[in-house]
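Chemist: Got a file for you: structure.cif, mmCIF, C-alpha atoms; chains and numbers go by the auth columns.
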```cif
data_final
loop_
_atom_site.group_PDB
_atom_site.id
_atom_site.type_symbol
_atom_site.label_atom_id
_atom_site.label_comp_id
_atom_site.label_asym_id
_atom_site.label_seq_id
_atom_site.Cartn_x
_atom_site.Cartn_y
_atom_site.Cartn_z
_atom_site.B_iso_or_equiv
_atom_site.auth_seq_id
_atom_site.auth_asym_id
ATOM 1 C CA MET A 1 -58.992 -72.180 51.996 0.00 1 A
ATOM 2 C CA ALA A 2 -58.340 -75.906 52.326 0.00 2 A
ATOM 3 C CA ALA A 3 -56.817 -77.746 49.395 0.00 3 A
ATOM 4 C CA ARG A 4 -59.016 -80.168 47.520 0.00 4 A
ATOM 5 C CA HIS A 5 -57.880 -83.759 47.704 0.00 5 A
ATOM 6 C CA SER A 6 -58.933 -86.826 45.793 0.00 6 A
ATOM 7 C CA LEU A 7 -60.429 -89.605 47.880 0.00 7 A
ATOM 8 C CA THR A 8 -58.843 -92.238 45.628 0.00 8 A
ATOM 9 C CA LEU A 9 -55.228 -91.012 45.804 0.00 9 A
ATOM 10 C CA CYS A 10 -52.779 -91.021 48.707 0.00 10 A
ATOM 11 C CA SER A 11 -53.641 -88.038 50.907 0.00 11 A
ATOM 12 C CA ARG A 12 -50.078 -87.790 52.267 0.00 12 A
ATOM 13 C CA PHE A 13 -48.627 -87.519 48.772 0.00 13 A
ATOM 14 C CA GLN A 14 -51.246 -84.935 47.819 0.00 14 A
ATOM 15 C CA SER A 15 -50.373 -82.831 50.887 0.00 15 A
ATOM 16 C CA ALA A 16 -46.645 -83.046 50.111 0.00 16 A
ATOM 17 C CA ALA A 17 -47.276 -82.071 46.482 0.00 17 A
ATOM 18 C CA ASP A 18 -49.425 -79.141 47.639 0.00 18 A
ATOM 19 C CA LEU A 19 -46.640 -77.855 49.874 0.00 19 A
ATOM 20 C CA LEU A 20 -43.726 -78.394 47.490 0.00 20 A
ATOM 21 C CA GLY A 21 -45.634 -77.356 44.400 0.00 21 A
ATOM 22 C CA LYS A 22 -46.221 -73.808 45.548 0.00 22 A
ATOM 23 C CA ARG A 23 -44.343 -71.175 43.608 0.00 23 A
ATOM 24 C CA TRP A 24 -40.924 -70.286 45.084 0.00 24 A
ATOM 25 C CA THR A 25 -40.945 -73.062 47.712 0.00 25 A
ATOM 26 C CA ALA A 26 -38.336 -75.218 45.965 0.00 26 A
ATOM 27 C CA LEU A 27 -36.067 -72.179 45.489 0.00 27 A
ATOM 28 C CA ILE A 28 -36.290 -71.342 49.188 0.00 28 A
ATOM 29 C CA LEU A 29 -35.474 -74.928 50.143 0.00 29 A
ATOM 30 C CA GLN A 30 -32.553 -74.958 47.717 0.00 30 A
ATOM 31 C CA GLN A 31 -31.105 -71.807 49.309 0.00 31 A
ATOM 32 C CA LEU A 32 -31.328 -73.349 52.776 0.00 32 A
ATOM 33 C CA GLN A 33 -29.756 -76.694 51.805 0.00 33 A
ATOM 34 C CA ASP A 34 -26.154 -75.801 52.621 0.00 34 A
ATOM 35 C CA LYS A 35 -26.494 -73.570 55.654 0.00 35 A
ATOM 36 C CA PRO A 36 -28.869 -71.366 57.634 0.00 36 A
ATOM 37 C CA ARG A 37 -29.454 -67.970 56.060 0.00 37 A
ATOM 38 C CA ARG A 38 -30.502 -64.611 57.371 0.00 38 A
ATOM 39 C CA TYR A 39 -33.673 -63.163 55.924 0.00 39 A
ATOM 40 C CA SER A 40 -31.676 -60.497 54.063 0.00 40 A
ATOM 41 C CA GLU A 41 -29.520 -63.198 52.424 0.00 41 A
ATOM 42 C CA LEU A 42 -32.606 -65.082 51.263 0.00 42 A
ATOM 43 C CA ALA A 43 -34.216 -61.909 49.953 0.00 43 A
ATOM 44 C CA ALA A 44 -31.054 -60.987 48.014 0.00 44 A
ATOM 45 C CA ALA A 45 -30.620 -64.467 46.539 0.00 45 A
ATOM 46 C CA LEU A 46 -34.317 -64.734 45.674 0.00 46 A
ATOM 47 C CA ASP A 47 -34.637 -61.258 44.211 0.00 47 A
ATOM 48 C CA VAL A 48 -37.467 -62.361 41.892 0.00 48 A
ATOM 49 C CA VAL A 49 -39.663 -63.108 44.929 0.00 49 A
ATOM 50 C CA SER A 50 -41.477 -60.191 46.512 0.00 50 A
ATOM 51 C CA GLU A 51 -40.827 -59.529 50.192 0.00 51 A
ATOM 52 C CA ARG A 52 -44.456 -60.238 51.013 0.00 52 A
ATOM 53 C CA MET A 53 -44.412 -63.588 49.193 0.00 53 A
ATOM 54 C CA LEU A 54 -41.084 -64.631 50.718 0.00 54 A
ATOM 55 C CA ILE A 55 -42.382 -63.942 54.214 0.00 55 A
ATOM 56 C CA HIS A 56 -45.600 -65.825 53.402 0.00 56 A
ATOM 57 C CA ARG A 57 -43.750 -68.885 52.065 0.00 57 A
ATOM 58 C CA LEU A 58 -41.324 -68.929 54.998 0.00 58 A
ATOM 59 C CA LYS A 59 -44.273 -68.860 57.416 0.00 59 A
ATOM 60 C CA GLU A 60 -45.939 -71.725 55.530 0.00 60 A
ATOM 61 C CA LEU A 61 -42.746 -73.775 55.633 0.00 61 A
ATOM 62 C CA GLU A 62 -42.312 -72.986 59.308 0.00 62 A
ATOM 63 C CA GLY A 63 -45.919 -74.032 59.989 0.00 63 A
ATOM 64 C CA ALA A 64 -45.287 -77.296 58.150 0.00 64 A
ATOM 65 C CA GLY A 65 -42.240 -77.969 60.324 0.00 65 A
ATOM 66 C CA VAL A 66 -39.831 -77.777 57.386 0.00 66 A
ATOM 67 C CA VAL A 67 -38.112 -74.489 58.293 0.00 67 A
ATOM 68 C CA GLU A 68 -37.174 -73.076 61.669 0.00 68 A
ATOM 69 C CA ARG A 69 -37.070 -69.323 62.301 0.00 69 A
ATOM 70 C CA ARG A 70 -34.477 -68.272 64.846 0.00 70 A
ATOM 71 C CA VAL A 71 -34.175 -64.796 66.325 0.00 71 A
ATOM 72 C CA ILE A 72 -30.587 -63.950 67.245 0.00 72 A
ATOM 73 C CA ASP A 73 -30.504 -61.437 70.077 0.00 73 A
ATOM 74 C CA ASP A 74 -27.710 -59.246 68.818 0.00 74 A
ATOM 75 C CA GLN A 75 -27.387 -55.583 67.930 0.00 75 A
ATOM 76 C CA PRO A 76 -29.209 -55.274 65.626 0.00 76 A
ATOM 77 C CA VAL A 77 -31.490 -58.275 66.133 0.00 77 A
ATOM 78 C CA ARG A 78 -31.115 -60.791 63.310 0.00 78 A
ATOM 79 C CA VAL A 79 -33.525 -63.407 62.019 0.00 79 A
ATOM 80 C CA GLU A 80 -32.132 -66.617 60.597 0.00 80 A
ATOM 81 C CA TYR A 81 -33.877 -69.471 58.819 0.00 81 A
ATOM 82 C CA ARG A 82 -32.696 -73.056 58.795 0.00 82 A
ATOM 83 C CA LEU A 83 -34.070 -76.388 57.702 0.00 83 A
ATOM 84 C CA THR A 84 -35.400 -78.684 60.397 0.00 84 A
ATOM 85 C CA GLU A 85 -34.705 -82.416 60.275 0.00 85 A
ATOM 86 C CA LYS A 86 -37.918 -82.728 58.262 0.00 86 A
ATOM 87 C CA GLY A 87 -36.675 -80.041 55.860 0.00 87 A
ATOM 88 C CA ARG A 88 -33.220 -81.607 55.505 0.00 88 A
ATOM 89 C CA ALA A 89 -34.941 -84.866 54.580 0.00 89 A
ATOM 90 C CA LEU A 90 -36.200 -83.061 51.449 0.00 90 A
ATOM 91 C CA GLY A 91 -32.599 -82.617 50.270 0.00 91 A
ATOM 92 C CA ARG A 92 -32.757 -85.627 47.963 0.00 92 A
ATOM 93 C CA VAL A 93 -35.957 -84.286 46.405 0.00 93 A
ATOM 94 C CA VAL A 94 -34.559 -80.779 45.871 0.00 94 A
ATOM 95 C CA ASN A 95 -31.233 -82.104 44.568 0.00 95 A
ATOM 96 C CA GLY A 96 -33.058 -84.558 42.302 0.00 96 A
ATOM 97 C CA LEU A 97 -35.122 -81.726 40.867 0.00 97 A
ATOM 98 C CA GLN A 98 -31.897 -79.761 40.272 0.00 98 A
ATOM 99 C CA ARG A 99 -30.317 -82.701 38.391 0.00 99 A
ATOM 100 C CA TRP A 100 -33.490 -83.230 36.358 0.00 100 A
ATOM 101 C CA ALA A 101 -33.640 -79.522 35.445 0.00 101 A
ATOM 102 C CA GLU A 102 -29.986 -79.482 34.383 0.00 102 A
ATOM 103 C CA ARG A 103 -30.622 -82.415 32.054 0.00 103 A
ATOM 104 C CA TRP A 104 -34.039 -81.586 30.638 0.00 104 A
ATOM 105 C CA ILE A 105 -34.768 -77.869 30.919 0.00 105 A
ATOM 106 C CA PRO A 106 -33.065 -75.674 28.321 0.00 106 A
ATOM 107 C CA THR A 107 -31.259 -72.578 29.515 0.00 107 A
ATOM 108 C CA PRO A 108 -33.535 -69.599 28.919 0.00 108 A
ATOM 109 C CA THR A 109 -32.318 -67.071 26.391 0.00 109 A
ATOM 110 C CA THR A 110 -32.734 -63.381 27.089 0.00 110 A
#
```
Go through the file and emit its structure as structure tokens.
Modeler:
Amino acid sequence: MAARHSLTLCSRFQSAADLLGKRWTALILQQLQDKPRRYSELAAALDVVSERMLIHRLKELEGAGVVERRVIDDQPVRVEYRLTEKGRALGRVVNGLQRWAERWIPTPTT
């Protein structure tokens, strides 16, 4: 289903907000900021995300040209995810969100 966009607002900004505003996307991007990660590393770090949803989000990010999926022909075969140049360009956005959260979002109590 295609996202609804306003005709009076910037369509590029709306598309970016649609992509980045999806649940778990920012967490995935944050995990890939420092280095490429194997799928198992992402799944372990993002243990609150179901396997199905993680795969779905990674495919969306790959389709958007933000993440690259690389198959490493080894025994056993490994799959690694890394940010593309386009994805690395989001670093300032992800880091800015992190700084904002540290300042304005209270630490949840259990």
Chemist: If you measure from CA of Trp100 in chain A to CA of Ser40 in chain A, what distance in Å do you get, rounded to one decimal?
Modeler: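 These two atoms are separated by 28.9 Å.
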Chemist: Check which residues of range 43-64 of chain A sit at most 12 Å from range 79-95 of chain A using all atoms listed in the file, and return one row each with the closest pair of atoms and their distance in Å to one decimal, ordered by chain and rising number, as a Markdown table.
Modeler:
```
| residue | atom | partner | partner_atom | distance |
| --- | --- | --- | --- | --- |
| A:Ala43 | CA | A:Tyr81 | CA | 11.7 |
| A:Leu54 | CA | A:Tyr81 | CA | 11.9 |
| A:Ile55 | CA | A:Tyr81 | CA | 11.1 |
| A:Arg57 | CA | A:Tyr81 | CA | 12.0 |
| A:Leu58 | CA | A:Tyr81 | CA | 8.4 |
| A:Lys59 | CA | A:Tyr81 | CA | 10.5 |
| A:Leu61 | CA | A:Gly87 | CA | 8.7 |
| A:Glu62 | CA | A:Thr84 | CA | 9.0 |
| A:Gly63 | CA | A:Thr84 | CA | 11.5 |
| A:Ala64 | CA | A:Lys86 | CA | 9.2 |
```
Chemist: Give me, as a PyMOL selection string, all polymer residues having an atom no more than 10 Å from Pro36 in chain A, counting all atoms listed in the file and skipping those fewer than 2 positions away in the same chain.
Modeler: chain A and resi 31-34+38-39+41-42+67-70+80-83
Chemist: CA of Gly65 in chain A and CA of Leu19 in chain A are how many Å apart?
Modeler: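 Atom-to-atom, CA of Gly65 in chain A to CA of Leu19 in chain A, that is 11.3 Å.
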Chemist: What is the distance, in Å and to one decimal place, between CA of Pro76 in chain A and CA of Glu51 in chain A?
Modeler: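 Spanning CA of Pro76 in chain A to CA of Glu51 in chain A is a straight-line distance of 19.8 Å.
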Chemist: Pick out the closest residue to Ile72 in chain A from this set: A:Ala101, A:Arg37, A:Pro106, A:Ile28. Count all atoms listed in the file.
Modeler: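 Smallest separation from Ile72 in chain A among the options: A:Arg37.
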Chemist: Using only C-alpha atoms, find the one residue out of A:Val77, A:Val48, A:Ile105, A:Leu9 that sits nearest to Leu27 in chain A.
Modeler: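 When distances to Leu27 in chain A are compared using only C-alpha atoms, the smallest one comes from A:Val48.
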Chemist: Which of these, A:Glu60, A:His5, A:Gln98, A:Asp74, has the shortest distance to Leu20 in chain A once you count all atoms listed in the file?
Modeler: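 Ranked by minimum distance to Leu20 in chain A, first place goes to A:Glu60.
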Chemist: From the list A:Arg99, A:Thr8, A:Met53, A:Val66, which residue is nearest Leu29 in chain A when using only C-alpha atoms?
Modeler: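 Nearest to Leu29 in chain A: A:Val66.
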Chemist: I'd like to know which of A:Thr107, A:Ser6, A:Ser50, A:Ser11 is closest to Trp24 in chain A, using all atoms listed in the file.
Modeler: A:Ser50
